[in-house]
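K.L.:
See coords01.txt below, with compact mmCIF, C-alpha atoms and all ligand atoms.
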```
# COMPACT_ATOMS: atom_id res chain seq x y z
CA MET A 1 -75.65 35.16 -192.96
CA ASN A 2 -76.43 33.46 -189.65
CA PRO A 3 -73.18 32.62 -187.82
CA GLN A 4 -74.30 28.97 -187.54
CA ALA A 5 -74.45 28.77 -191.36
CA ALA A 6 -71.06 30.48 -191.61
CA GLU A 7 -69.66 27.90 -189.19
CA LEU A 8 -70.85 25.03 -191.41
CA ASN A 9 -69.44 26.74 -194.51
CA ALA A 10 -66.09 27.21 -192.78
CA ILE A 11 -65.95 23.47 -192.09
CA LEU A 12 -66.74 22.76 -195.74
CA GLU A 13 -64.13 25.26 -196.91
CA THR A 14 -61.32 23.35 -195.21
CA GLU A 15 -62.71 19.82 -195.11
CA GLY A 16 -65.15 19.58 -198.03
CA ALA A 17 -64.22 22.14 -200.66
CA ALA A 18 -66.12 20.41 -203.48
CA ALA A 19 -69.36 20.54 -201.49
CA LEU A 20 -68.92 24.24 -200.74
CA LYS A 21 -68.34 24.94 -204.45
CA LEU A 22 -71.53 23.07 -205.31
CA LEU A 23 -73.80 24.71 -202.71
CA SER A 24 -76.33 27.23 -203.96
CA GLU A 25 -76.64 30.65 -202.32
CA LYS A 26 -79.61 29.26 -200.36
CA GLY A 27 -77.57 26.17 -199.53
CA LYS A 28 -74.81 28.37 -198.11
CA ARG A 29 -77.26 30.24 -195.89
CA ILE A 30 -79.11 27.24 -194.47
CA PHE A 31 -78.16 25.59 -191.17
CA PHE A 32 -79.75 23.49 -188.49
CA PRO A 33 -80.53 25.77 -185.53
CA ARG A 34 -78.70 23.90 -182.79
CA LYS A 35 -78.50 26.94 -180.55
CA GLY A 36 -82.13 28.04 -180.36
CA LEU A 37 -85.33 26.33 -179.28
CA VAL A 38 -83.93 22.89 -180.06
CA ALA A 39 -80.99 23.33 -177.69
CA GLN A 40 -83.21 24.69 -174.91
CA GLY A 41 -85.53 21.71 -175.35
CA LEU A 42 -82.59 19.32 -175.02
CA ASP A 43 -81.46 21.14 -171.84
CA ALA A 44 -84.91 20.57 -170.34
CA LYS A 45 -85.07 16.86 -171.20
CA GLY A 46 -85.32 14.65 -168.08
CA LYS A 47 -86.22 17.52 -165.74
CA SER A 48 -89.09 16.63 -163.40
CA ILE A 49 -90.97 19.71 -164.54
CA ASN A 50 -90.41 20.13 -168.26
CA ALA A 51 -92.44 23.02 -169.64
CA SER A 52 -90.35 23.37 -172.81
CA ILE A 53 -92.18 21.05 -175.21
CA GLY A 54 -94.66 22.01 -177.92
CA GLU A 55 -96.64 18.80 -177.45
CA ALA A 56 -99.50 18.36 -175.01
CA LYS A 57 -99.23 15.49 -172.51
CA GLU A 58 -101.61 13.29 -170.56
CA ASP A 59 -101.21 13.54 -166.77
CA ASP A 60 -98.95 10.45 -166.89
CA GLY A 61 -96.54 12.22 -169.25
CA SER A 62 -97.47 10.22 -172.37
CA PRO A 63 -98.70 12.13 -175.45
CA LEU A 64 -102.23 13.53 -175.07
CA ARG A 65 -104.26 11.53 -177.57
CA LEU A 66 -107.79 10.93 -178.77
CA SER A 67 -109.12 7.39 -178.45
CA PRO A 68 -110.54 7.17 -182.02
CA LEU A 69 -106.94 7.53 -183.16
CA ALA A 70 -105.11 5.78 -180.32
CA ASP A 71 -107.39 2.73 -180.61
CA ARG A 72 -106.21 2.20 -184.19
CA VAL A 73 -102.48 2.44 -183.47
CA LYS A 74 -100.70 -0.54 -181.96
CA LEU A 75 -97.36 1.26 -181.57
CA PRO A 76 -96.33 2.85 -178.26
CA PRO A 77 -97.96 6.33 -178.25
CA ALA A 78 -94.59 8.08 -177.98
CA ASP A 79 -93.55 6.46 -181.30
CA ALA A 80 -96.62 7.64 -183.13
CA PHE A 81 -98.15 10.79 -181.71
CA SER A 82 -95.08 12.77 -180.71
CA TYR A 83 -92.77 14.63 -183.08
CA ALA A 84 -89.82 12.87 -184.67
CA PRO A 85 -86.58 14.89 -184.80
CA SER A 86 -86.07 17.01 -187.94
CA PHE A 87 -83.16 14.71 -188.85
CA GLY A 88 -85.48 11.71 -188.64
CA LYS A 89 -86.03 8.99 -186.07
CA PRO A 90 -82.47 8.08 -184.97
CA ALA A 91 -82.91 4.29 -184.97
CA LEU A 92 -84.53 4.39 -188.41
CA ARG A 93 -81.74 6.59 -189.81
CA ASP A 94 -79.15 4.08 -188.62
CA ARG A 95 -81.19 1.17 -189.88
CA TRP A 96 -81.60 2.80 -193.29
CA ALA A 97 -77.85 3.51 -193.46
CA ALA A 98 -77.12 -0.14 -192.64
CA MET A 99 -79.63 -1.22 -195.31
CA ILE A 100 -77.98 1.07 -197.89
CA ARG A 101 -74.69 -0.73 -197.15
CA GLU A 102 -76.27 -4.19 -197.30
CA LYS A 103 -77.94 -3.44 -200.64
CA ASN A 104 -74.81 -1.82 -202.09
CA PRO A 105 -71.85 -4.00 -201.03
CA THR A 106 -69.51 -1.92 -203.19
CA LEU A 107 -69.78 0.80 -200.54
CA GLY A 108 -67.87 -1.35 -198.04
CA GLN A 109 -66.77 0.97 -195.26
CA THR A 110 -66.82 4.13 -197.40
CA PRO A 111 -68.11 6.89 -195.11
CA ILE A 112 -71.63 8.12 -195.84
CA SER A 113 -73.73 10.60 -193.92
CA ARG A 114 -76.45 9.44 -191.57
CA PRO A 115 -79.52 9.61 -193.81
CA VAL A 116 -81.78 12.58 -193.04
CA ALA A 117 -85.48 11.71 -193.21
CA THR A 118 -87.58 13.61 -195.74
CA ASN A 119 -91.24 13.60 -196.71
CA ALA A 120 -90.45 10.81 -199.19
CA LEU A 121 -88.41 11.23 -202.35
CA THR A 122 -90.09 14.25 -203.88
CA HIS A 123 -89.23 16.25 -200.80
CA GLY A 124 -85.71 14.76 -200.65
CA LEU A 125 -85.15 15.90 -204.23
CA SER A 126 -86.52 19.31 -203.33
CA VAL A 127 -84.08 19.53 -200.39
CA ALA A 128 -81.26 18.68 -202.83
CA GLY A 129 -82.51 21.41 -205.18
CA TYR A 130 -82.58 23.91 -202.32
CA LEU A 131 -79.05 23.07 -201.25
CA PHE A 132 -77.37 22.96 -204.65
CA VAL A 133 -79.33 24.67 -207.46
CA ASP A 134 -79.01 28.37 -208.23
CA ASP A 135 -81.08 30.18 -210.84
CA GLY A 136 -79.81 29.15 -214.27
CA ASP A 137 -77.81 26.13 -213.09
CA GLU A 138 -78.02 23.21 -215.49
CA ILE A 139 -79.09 19.76 -214.40
CA ILE A 140 -77.72 17.11 -216.73
CA LEU A 141 -80.06 14.15 -217.17
CA PRO A 142 -81.32 11.70 -219.82
CA ARG A 143 -84.09 12.94 -222.11
CA HIS A 144 -86.69 10.61 -220.66
CA TYR A 145 -87.18 11.78 -217.11
CA TRP A 146 -89.89 12.05 -214.46
CA GLY A 147 -91.82 15.19 -215.43
CA ASN A 148 -92.21 16.30 -211.81
CA TYR A 149 -88.49 17.22 -211.81
CA ARG A 150 -89.56 20.45 -213.49
CA LEU A 151 -91.77 21.39 -210.53
CA VAL A 152 -89.13 20.20 -208.06
CA PHE A 153 -86.05 21.85 -209.57
CA SER A 154 -86.95 24.32 -212.33
CA GLU A 155 -89.93 26.31 -211.04
CA PRO A 156 -88.68 26.89 -207.48
CA TYR A 157 -84.91 26.99 -207.98
CA GLY A 158 -84.47 27.99 -211.62
CA ALA A 159 -82.76 24.80 -212.82
CA VAL A 160 -82.36 24.42 -216.56
CA MET A 161 -82.79 20.82 -217.68
CA ARG A 162 -79.93 19.92 -219.99
CA THR A 163 -81.02 16.62 -221.45
CA PHE A 164 -79.11 14.16 -223.55
CA GLU A 165 -80.49 11.35 -225.69
CA THR A 166 -81.16 8.43 -223.33
CA PHE A 167 -80.41 5.63 -225.77
CA ASP A 168 -77.77 5.11 -228.43
CA GLY A 169 -80.23 3.74 -230.97
CA GLU A 170 -83.84 2.81 -231.66
CA GLY A 171 -85.69 -0.25 -230.45
CA PRO A 172 -85.54 -2.58 -227.48
CA ASP A 173 -81.89 -3.58 -227.96
CA ALA A 174 -80.41 -0.07 -227.79
CA GLY A 175 -78.14 0.81 -224.88
CA PHE A 176 -77.52 3.78 -222.63
CA ASN A 177 -76.03 6.69 -224.54
CA VAL A 178 -72.76 7.05 -222.67
CA ALA A 179 -71.25 9.26 -225.39
CA ALA A 180 -74.12 11.76 -225.17
CA PHE A 181 -73.80 11.83 -221.38
CA SER A 182 -70.08 12.49 -221.69
CA GLU A 183 -70.63 15.30 -224.16
CA ALA A 184 -73.14 16.98 -221.83
CA LEU A 185 -70.87 16.66 -218.82
CA MET A 186 -67.75 17.90 -220.61
CA SER A 187 -69.50 21.06 -221.80
CA ASP A 188 -68.27 24.48 -220.62
CA GLY A 189 -68.51 25.36 -216.96
CA ASP A 190 -66.96 23.92 -213.81
CA LYS A 191 -70.01 23.31 -211.62
CA LYS A 192 -71.91 20.30 -212.89
CA ILE A 193 -75.08 18.76 -211.49
CA VAL A 194 -76.04 15.31 -212.76
CA LEU A 195 -79.34 13.60 -211.95
CA LEU A 196 -79.54 9.85 -212.50
CA ASN A 197 -82.67 7.80 -211.92
CA PHE A 198 -82.29 4.01 -212.31
CA PRO A 199 -84.56 2.07 -212.58
CA ASN A 200 -85.89 4.96 -214.63
CA ASN A 201 -89.29 6.52 -214.75
CA PRO A 202 -90.64 6.50 -217.47
CA THR A 203 -88.54 4.01 -219.47
CA GLY A 204 -88.01 1.30 -216.88
CA TYR A 205 -84.36 1.17 -217.90
CA THR A 206 -81.32 0.48 -215.74
CA PRO A 207 -77.88 0.42 -217.37
CA THR A 208 -76.05 -2.85 -217.79
CA VAL A 209 -73.05 -3.49 -215.55
CA GLU A 210 -70.73 -2.36 -218.38
CA GLU A 211 -72.76 0.78 -219.05
CA ALA A 212 -72.77 1.61 -215.34
CA ASP A 213 -68.96 1.31 -215.35
CA ALA A 214 -68.80 3.64 -218.33
CA ILE A 215 -71.08 6.19 -216.64
CA ILE A 216 -68.80 6.19 -213.59
CA GLY A 217 -65.82 6.58 -215.92
CA VAL A 218 -67.38 9.63 -217.57
CA VAL A 219 -67.87 11.36 -214.22
CA GLU A 220 -64.34 10.44 -213.13
CA LYS A 221 -62.91 11.94 -216.29
CA ALA A 222 -64.86 15.16 -215.80
CA ALA A 223 -63.61 15.36 -212.21
CA GLN A 224 -60.03 14.75 -213.35
CA ALA A 225 -60.48 17.57 -215.88
CA GLY A 226 -61.22 19.92 -212.97
CA LYS A 227 -65.00 19.93 -212.97
CA THR A 228 -66.79 19.80 -209.62
CA VAL A 229 -69.62 17.34 -209.98
CA LEU A 230 -72.69 16.75 -207.84
CA VAL A 231 -74.36 13.45 -208.72
CA ILE A 232 -77.87 13.13 -207.38
CA THR A 233 -79.12 9.56 -207.62
CA ASP A 234 -82.89 9.25 -207.46
CA ASP A 235 -83.16 5.64 -206.33
CA ALA A 236 -86.95 5.58 -206.07
CA TYR A 237 -87.30 2.16 -207.73
CA PHE A 238 -84.16 0.63 -206.22
CA GLY A 239 -84.09 -3.15 -206.10
CA LEU A 240 -86.56 -3.84 -208.90
CA VAL A 241 -84.13 -5.19 -211.51
CA PHE A 242 -85.63 -8.07 -213.46
CA ARG A 243 -82.90 -9.26 -215.86
CA GLU A 244 -79.39 -10.64 -215.70
CA GLY A 245 -76.42 -8.40 -216.45
CA ILE A 246 -78.09 -5.23 -215.24
CA ALA A 247 -76.50 -3.09 -212.51
CA VAL A 248 -78.22 -3.90 -209.25
CA GLU A 249 -76.40 -1.45 -206.99
CA SER A 250 -77.02 2.28 -206.88
CA PRO A 251 -74.34 4.26 -208.74
CA PHE A 252 -74.11 6.23 -205.47
CA ALA A 253 -71.94 3.41 -204.13
CA ARG A 254 -69.25 4.21 -206.70
CA PHE A 255 -69.60 7.99 -206.68
CA ALA A 256 -69.15 7.93 -202.90
CA SER A 257 -65.45 7.21 -203.28
CA LEU A 258 -64.69 8.25 -206.85
CA HIS A 259 -62.76 11.51 -206.79
CA GLU A 260 -62.38 14.48 -204.48
CA ASN A 261 -64.23 16.71 -206.98
CA VAL A 262 -67.31 14.48 -206.83
CA VAL A 263 -70.07 14.80 -204.24
CA ALA A 264 -72.70 12.07 -204.21
CA CYS A 265 -76.23 12.75 -202.99
CA LYS A 266 -78.53 9.75 -202.69
CA VAL A 267 -82.27 10.34 -202.57
CA ASP A 268 -84.19 7.20 -201.75
CA GLY A 269 -86.92 5.93 -199.50
CA ALA A 270 -89.55 3.46 -198.58
CA THR A 271 -92.22 4.70 -201.01
CA LYS A 272 -91.65 2.17 -203.79
CA GLU A 273 -88.99 -0.04 -202.16
CA ASP A 274 -91.40 -1.03 -199.41
CA TYR A 275 -94.68 -0.37 -201.23
CA VAL A 276 -95.83 2.44 -198.91
CA TRP A 277 -96.67 5.25 -201.33
CA GLY A 278 -98.79 7.15 -198.83
CA PHE A 279 -96.44 6.89 -195.85
CA ARG A 280 -94.13 9.63 -197.12
CA VAL A 281 -90.78 8.46 -195.76
CA GLY A 282 -87.61 9.10 -197.75
CA PHE A 283 -84.00 9.98 -197.07
CA ILE A 284 -81.20 12.18 -198.33
CA THR A 285 -77.65 10.89 -197.84
CA PHE A 286 -74.30 12.40 -198.79
CA ALA A 287 -70.84 11.02 -199.50
CA GLY A 288 -67.65 12.03 -201.21
CA ILE A 289 -64.02 11.06 -200.95
CA GLY A 290 -63.06 14.71 -200.49
CA LEU A 291 -65.39 15.21 -197.51
CA SER A 292 -64.22 14.68 -193.94
CA GLY A 293 -66.60 13.30 -191.32
CA LYS A 294 -67.19 16.85 -190.13
CA ALA A 295 -67.94 18.04 -193.65
CA ILE A 296 -70.44 15.23 -194.17
CA ALA A 297 -72.08 16.17 -190.86
CA ALA A 298 -72.22 19.82 -192.02
CA LEU A 299 -74.21 18.71 -195.08
CA GLU A 300 -76.51 16.68 -192.82
CA ASP A 301 -77.12 19.80 -190.75
CA LYS A 302 -77.94 21.82 -193.83
CA ALA A 303 -80.36 19.16 -195.11
CA ALA A 304 -82.03 18.88 -191.70
CA GLY A 305 -82.20 22.68 -191.54
CA ARG A 306 -84.14 22.68 -194.79
CA VAL A 307 -86.39 19.88 -193.52
CA ARG A 308 -87.09 21.96 -190.41
CA GLY A 309 -87.81 25.02 -192.55
CA SER A 310 -90.16 23.20 -194.93
CA ILE A 311 -92.01 20.35 -193.18
CA SER A 312 -90.46 20.66 -189.69
CA ASN A 313 -90.14 16.88 -189.43
CA ASP A 314 -91.39 13.75 -191.13
CA SER A 315 -94.29 11.57 -189.91
CA HIS A 316 -93.24 9.79 -186.72
CA LEU A 317 -96.03 7.24 -187.14
CA ALA A 318 -94.81 6.24 -190.60
CA GLN A 319 -91.15 6.14 -189.53
CA SER A 320 -91.99 3.93 -186.52
CA LEU A 321 -94.10 1.56 -188.61
CA LEU A 322 -91.24 1.10 -191.06
CA LEU A 323 -88.67 0.54 -188.32
CA ALA A 324 -90.92 -2.12 -186.79
CA ALA A 325 -91.39 -3.74 -190.21
CA TYR A 326 -87.62 -3.93 -190.83
CA ASP A 327 -87.29 -5.86 -187.56
CA ASP A 328 -90.17 -8.21 -188.40
CA PRO A 329 -89.01 -11.72 -189.41
CA ALA A 330 -91.70 -11.73 -192.14
CA TYR A 331 -90.13 -8.69 -193.87
CA PRO A 332 -87.57 -10.43 -196.13
CA GLY A 333 -90.09 -13.03 -197.31
CA GLU A 334 -92.72 -10.41 -198.04
CA LYS A 335 -90.20 -8.35 -200.02
CA LYS A 336 -89.41 -11.44 -202.09
CA ARG A 337 -93.10 -12.06 -202.69
CA ALA A 338 -93.67 -8.51 -203.93
CA PHE A 339 -90.57 -8.65 -206.14
CA GLY A 340 -91.75 -11.94 -207.61
CA LEU A 341 -95.13 -10.46 -208.44
CA LEU A 342 -93.64 -7.49 -210.28
CA LYS A 343 -91.03 -9.63 -212.05
CA ALA A 344 -93.77 -11.98 -213.29
CA ARG A 345 -95.57 -8.97 -214.79
CA HIS A 346 -92.33 -7.77 -216.41
CA ASP A 347 -91.77 -11.24 -217.84
CA ALA A 348 -95.35 -11.32 -219.11
CA VAL A 349 -94.70 -8.10 -221.04
CA ASP A 350 -91.56 -9.67 -222.55
CA ALA A 351 -93.52 -12.76 -223.57
CA GLU A 352 -96.33 -10.74 -225.09
CA LEU A 353 -93.96 -8.71 -227.27
CA ARG A 354 -92.03 -11.83 -228.27
CA ASN A 355 -95.18 -13.74 -229.17
CA HIS A 356 -96.57 -10.91 -231.30
CA PRO A 357 -93.96 -9.76 -233.79
CA GLU A 358 -96.76 -8.00 -235.68
CA TYR A 359 -96.97 -5.44 -232.85
CA ALA A 360 -93.67 -3.96 -234.05
CA GLU A 361 -95.48 -2.65 -237.15
CA ARG A 362 -97.43 -0.26 -234.96
CA PHE A 363 -95.30 0.29 -231.86
CA VAL A 364 -91.77 -0.49 -230.74
CA ALA A 365 -90.67 -0.95 -227.16
CA LEU A 366 -87.88 1.17 -225.78
CA PRO A 367 -85.29 -0.75 -223.75
CA TYR A 368 -86.68 -1.76 -220.35
CA ASN A 369 -85.49 -4.20 -217.70
CA SER A 370 -86.51 -2.86 -214.29
CA GLY A 371 -88.80 -0.68 -212.20
CA TYR A 372 -92.51 -0.11 -212.67
CA PHE A 373 -92.81 0.92 -216.31
CA MET A 374 -91.97 0.38 -219.94
CA CYS A 375 -92.51 2.69 -222.90
CA VAL A 376 -93.38 2.14 -226.51
CA LYS A 377 -92.89 4.49 -229.40
CA VAL A 378 -95.87 4.57 -231.71
CA ALA A 379 -95.05 4.20 -235.38
CA LYS A 380 -97.81 6.44 -236.75
CA GLY A 381 -99.88 9.26 -235.32
CA ASP A 382 -99.12 10.69 -231.93
CA ALA A 383 -99.10 9.06 -228.53
CA GLU A 384 -101.83 11.34 -227.18
CA ALA A 385 -104.19 10.29 -229.99
CA VAL A 386 -103.48 6.64 -229.18
CA ARG A 387 -104.13 7.30 -225.51
CA GLN A 388 -107.47 8.95 -226.30
CA ARG A 389 -108.46 6.06 -228.55
CA LEU A 390 -107.54 3.55 -225.84
CA LEU A 391 -109.74 5.39 -223.37
CA ASP A 392 -112.70 5.81 -225.73
CA ALA A 393 -112.76 2.50 -227.56
CA TYR A 394 -110.87 0.00 -225.43
CA ASP A 395 -111.54 0.88 -221.81
CA THR A 396 -107.77 1.20 -221.25
CA GLY A 397 -105.74 3.93 -219.59
CA VAL A 398 -102.05 4.66 -220.22
CA ILE A 399 -99.84 7.76 -220.08
CA ALA A 400 -98.80 9.65 -223.21
CA LEU A 401 -95.42 11.40 -223.04
CA ASP A 402 -94.53 13.22 -226.26
CA ASP A 403 -94.00 10.41 -228.77
CA LEU A 404 -94.16 7.65 -226.15
CA VAL A 405 -96.85 5.65 -224.45
CA ARG A 406 -95.88 4.68 -220.91
CA VAL A 407 -97.29 1.42 -219.61
CA ALA A 408 -97.31 0.89 -215.84
CA TYR A 409 -97.33 -2.91 -216.05
CA SER A 410 -96.46 -3.08 -212.34
CA SER A 411 -100.00 -2.08 -211.48
CA LEU A 412 -101.74 -4.73 -213.61
CA PRO A 413 -102.61 -8.30 -212.74
CA GLU A 414 -100.69 -10.54 -215.12
CA HIS A 415 -103.83 -11.75 -216.91
CA GLN A 416 -104.60 -8.22 -218.13
CA ILE A 417 -101.22 -7.73 -219.82
CA PRO A 418 -102.04 -9.57 -223.10
CA ARG A 419 -105.27 -7.60 -223.47
CA LEU A 420 -103.52 -4.31 -222.78
CA PHE A 421 -101.06 -4.85 -225.64
CA ALA A 422 -103.75 -6.18 -227.97
CA ASN A 423 -105.75 -3.02 -227.26
CA LEU A 424 -102.68 -0.87 -227.85
CA TYR A 425 -102.12 -2.59 -231.19
CA LYS A 426 -105.72 -1.97 -232.25
CA ALA A 427 -105.71 1.64 -231.05
CA CYS A 428 -102.48 2.34 -232.95
CA GLY A 429 -104.13 0.91 -236.06
CA ASP A 430 -107.21 3.11 -235.55
CA VAL A 431 -105.47 6.47 -235.33
C1 LIG B 501 -88.33 8.82 -210.50
C2 LIG B 501 -89.16 9.17 -209.32
N1 LIG B 501 -88.59 9.82 -208.31
C3 LIG B 501 -89.29 10.17 -207.22
C4 LIG B 501 -90.63 9.88 -207.12
C5 LIG B 501 -91.38 10.37 -205.93
O1 LIG B 501 -91.52 9.47 -204.95
P1 LIG B 501 -92.25 9.83 -203.58
O2 LIG B 501 -93.66 9.37 -203.73
O3 LIG B 501 -91.48 9.08 -202.58
O4 LIG B 501 -92.16 11.30 -203.36
C6 LIG B 501 -91.27 9.20 -208.15
C7 LIG B 501 -92.70 8.89 -208.05
O5 LIG B 501 -93.39 8.58 -208.96
C8 LIG B 501 -90.51 8.84 -209.28
O6 LIG B 501 -91.07 8.20 -210.31
```
Represent the structure of the file as structure tokens.
P.N.:
Amino acid sequence: MNPQAAELNAILETEGAAALKLLSEKGKRIFFPRKGLVAQGLDAKGKSINASIGEAKEDDGSPLRLSPLADRVKLPPADAFSYAPSFGKPALRDRWAAMIREKNPTLGQTPISRPVATNALTHGLSVAGYLFVDDGDEIILPRHYWGNYRLVFSEPYGAVMRTFETFDGEGPDAGFNVAAFSEALMSDGDKKIVLLNFPNNPTGYTPTVEEADAIIGVVEKAAQAGKTVLVITDDAYFGLVFREGIAVESPFARFASLHENVVACKVDGATKEDYVWGFRVGFITFAGIGLSGKAIAALEDKAAGRVRGSISNDSHLAQSLLLAAYDDPAYPGEKKRAFGLLKARHDAVDAELRNHPEYAERFVALPYNSGYFMCVKVAKGDAEAVRQRLLDAYDTGVIALDDLVRVAYSSLPEHQIPRLFANLYKACGDV
């Protein structure tokens, strides 16, 4: 093992034991190479002749750049064309950390790591998998989950998905199945990895405030029973909660100070929160009451080490654009506008289902209240047959997931929503 990795592990051993227990073998070996090229580059910074950098420069010292690109970029060239650090653009990391606190007041002054920038959430999740998942480790998560988790966690790192029934009943009024979650978490074994994604893809469900409390309680009980728990929160759709009584903060805020056996790992980013799917900017952030400041920084180093070993660093152009947007006075108003648009579509789905009780004969909505999606369970036939029929006969595209049809209402203008459900009703009748 590289001595720099051993140094980080030694810090965790004395100042963050839960994190060390949770690290995978790969996670134990990874480190951010502070002593190599990076350190030599820092030594050379500010020297009048600096021949240490792997970026070409114009004669005036600014980044060498081609006018067809430079002419399209209003940002200062150094904020767009040059590399960002592997940890992420420092001002953006601090801004994102401040925004996490603003959006999750429960955090208060609870220490959290400086977010490390990733190539959006998929890559942030992959970094978490690298750090914490060994071959055969179980990941505990609700049955309805984003299918890409298998490519992120199972194929490369050998995670076994241990699912529990998402809901405690059938139909739109069911709730989160806290008992099933508890049973999964209290199963044999001391190392537990939990993956929570609210608002959820595919169901569009976020627990109520009471259910969120109960979920926290389940993890606390497991920790008190001696289990060491990593809770990864995939907060991709954070902020898009459309009904009253639903938890609006990330559960990360509570896990961050829950118990010394609990390590919280927040994966989030601008992709869906700021409607920039192609920018590829996300973050991975750590917290835990049993972790000292040095231990939290050791985890940051390990995450940034994995970033450096996979993508080297995230797009500087995209990071700078976002930082500029967060400082723009139009930003809060634009966020409200976008939220209003998606909420109106969510409300239109509600109205459509309410106004057409006959739809329940052919499909029943699963609980939904947030995010981009909602799902229906088809009463007869299979979801794939319904999907095919929708494509062939009704000029309508949806996603079929086992026995569910997932409807991405967020992507539809409101006026198309009635026709979508009418088509779904007809297609269900046809198959
Ligand atoms: C639950 C969930 N997590 C993560 C992602 C990935 O987001 P990104 O595009 O930022 O990688 C998605 C995208 O669909 C998602 O649905």
K.L.:
Edge lengths and centre, in Å to one decimal, as lines of an AutoDock Vina configuration file: that's what I need for the box along x, y and z that holds all listed atoms of segment 129-142 of chain A plus 4 Å on each side.
P.N.:
```
center_x = -80.0
center_y = 20.9
center_z = -210.5
size_x = 13.2
size_y = 26.5
size_z = 26.6
```
K.L.:
Which residue is closest to ligand LIG 501 (chain B)? Choose from A:Pro172, A:Gly54, A:Gly288, A:Gly269 and count all atoms listed in the file.
P.N.:
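So, comparing all the options, the nearest one is A:Gly269.
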K.L.:
Around ligand LIG 501 (chain B), at most 9 Å away and counting only C-alpha atoms and all ligand atoms, which residues are there? Put them as a PyMOL selection string, please.
P.N.:
chain A and resi 119-125+145-149+197-202+234-237+267-272+276-282+372
K.L.:
Please report, as CSV, each residue of segment 16-121 of chain A lying at most 9 Å from segment 323-326 of chain A, together with the nearest pair of atoms and the separation in Å rounded to one decimal; use only C-alpha atoms, and order rows by chain and ascending residue number.
P.N.:
```
residue,atom,partner,partner_atom,distance
A:Leu75,CA,A:Ala324,CA,9.0
A:Ala91,CA,A:Leu323,CA,7.6
A:Leu92,CA,A:Leu323,CA,5.7
A:Arg95,CA,A:Leu323,CA,7.7
A:Trp96,CA,A:Leu323,CA,8.9
```
K.L.:
Between A:Gly333, A:Pro68, A:Gly226, A:Gly429, which residue has the minimum interatomic distance to Glu358 of chain A, considering only C-alpha atoms?
P.N.:
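Distance minimum relative to Glu358 of chain A lands on A:Gly429.
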K.L.:
Every residue with an atom at most 12 Å from (-95.6, -10.1, -226.1) (file coordinates; all atoms listed in the file) is what I'm after, so could you write them as a ChimeraX atom specification?
P.N.:
/A:345-360,363-365,417-422,424-425
K.L.:
Compute the distance from (-77.2, 13.9, -197.5) to each atom, counting only C-alpha atoms, keep the residues with any atom at most 6 Å away, and return them as an NGL selection string; use the coordinates of the file.
P.N.:
:A and (113 or 265 or 284-286 or 300)
K.L.:
Rounded to one decimal in Å, what is the spacing between atom CA of Ala427 of chain A and atom CA of Ala379 of chain A?
P.N.:
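These atoms are spaced 11.8 Å apart.
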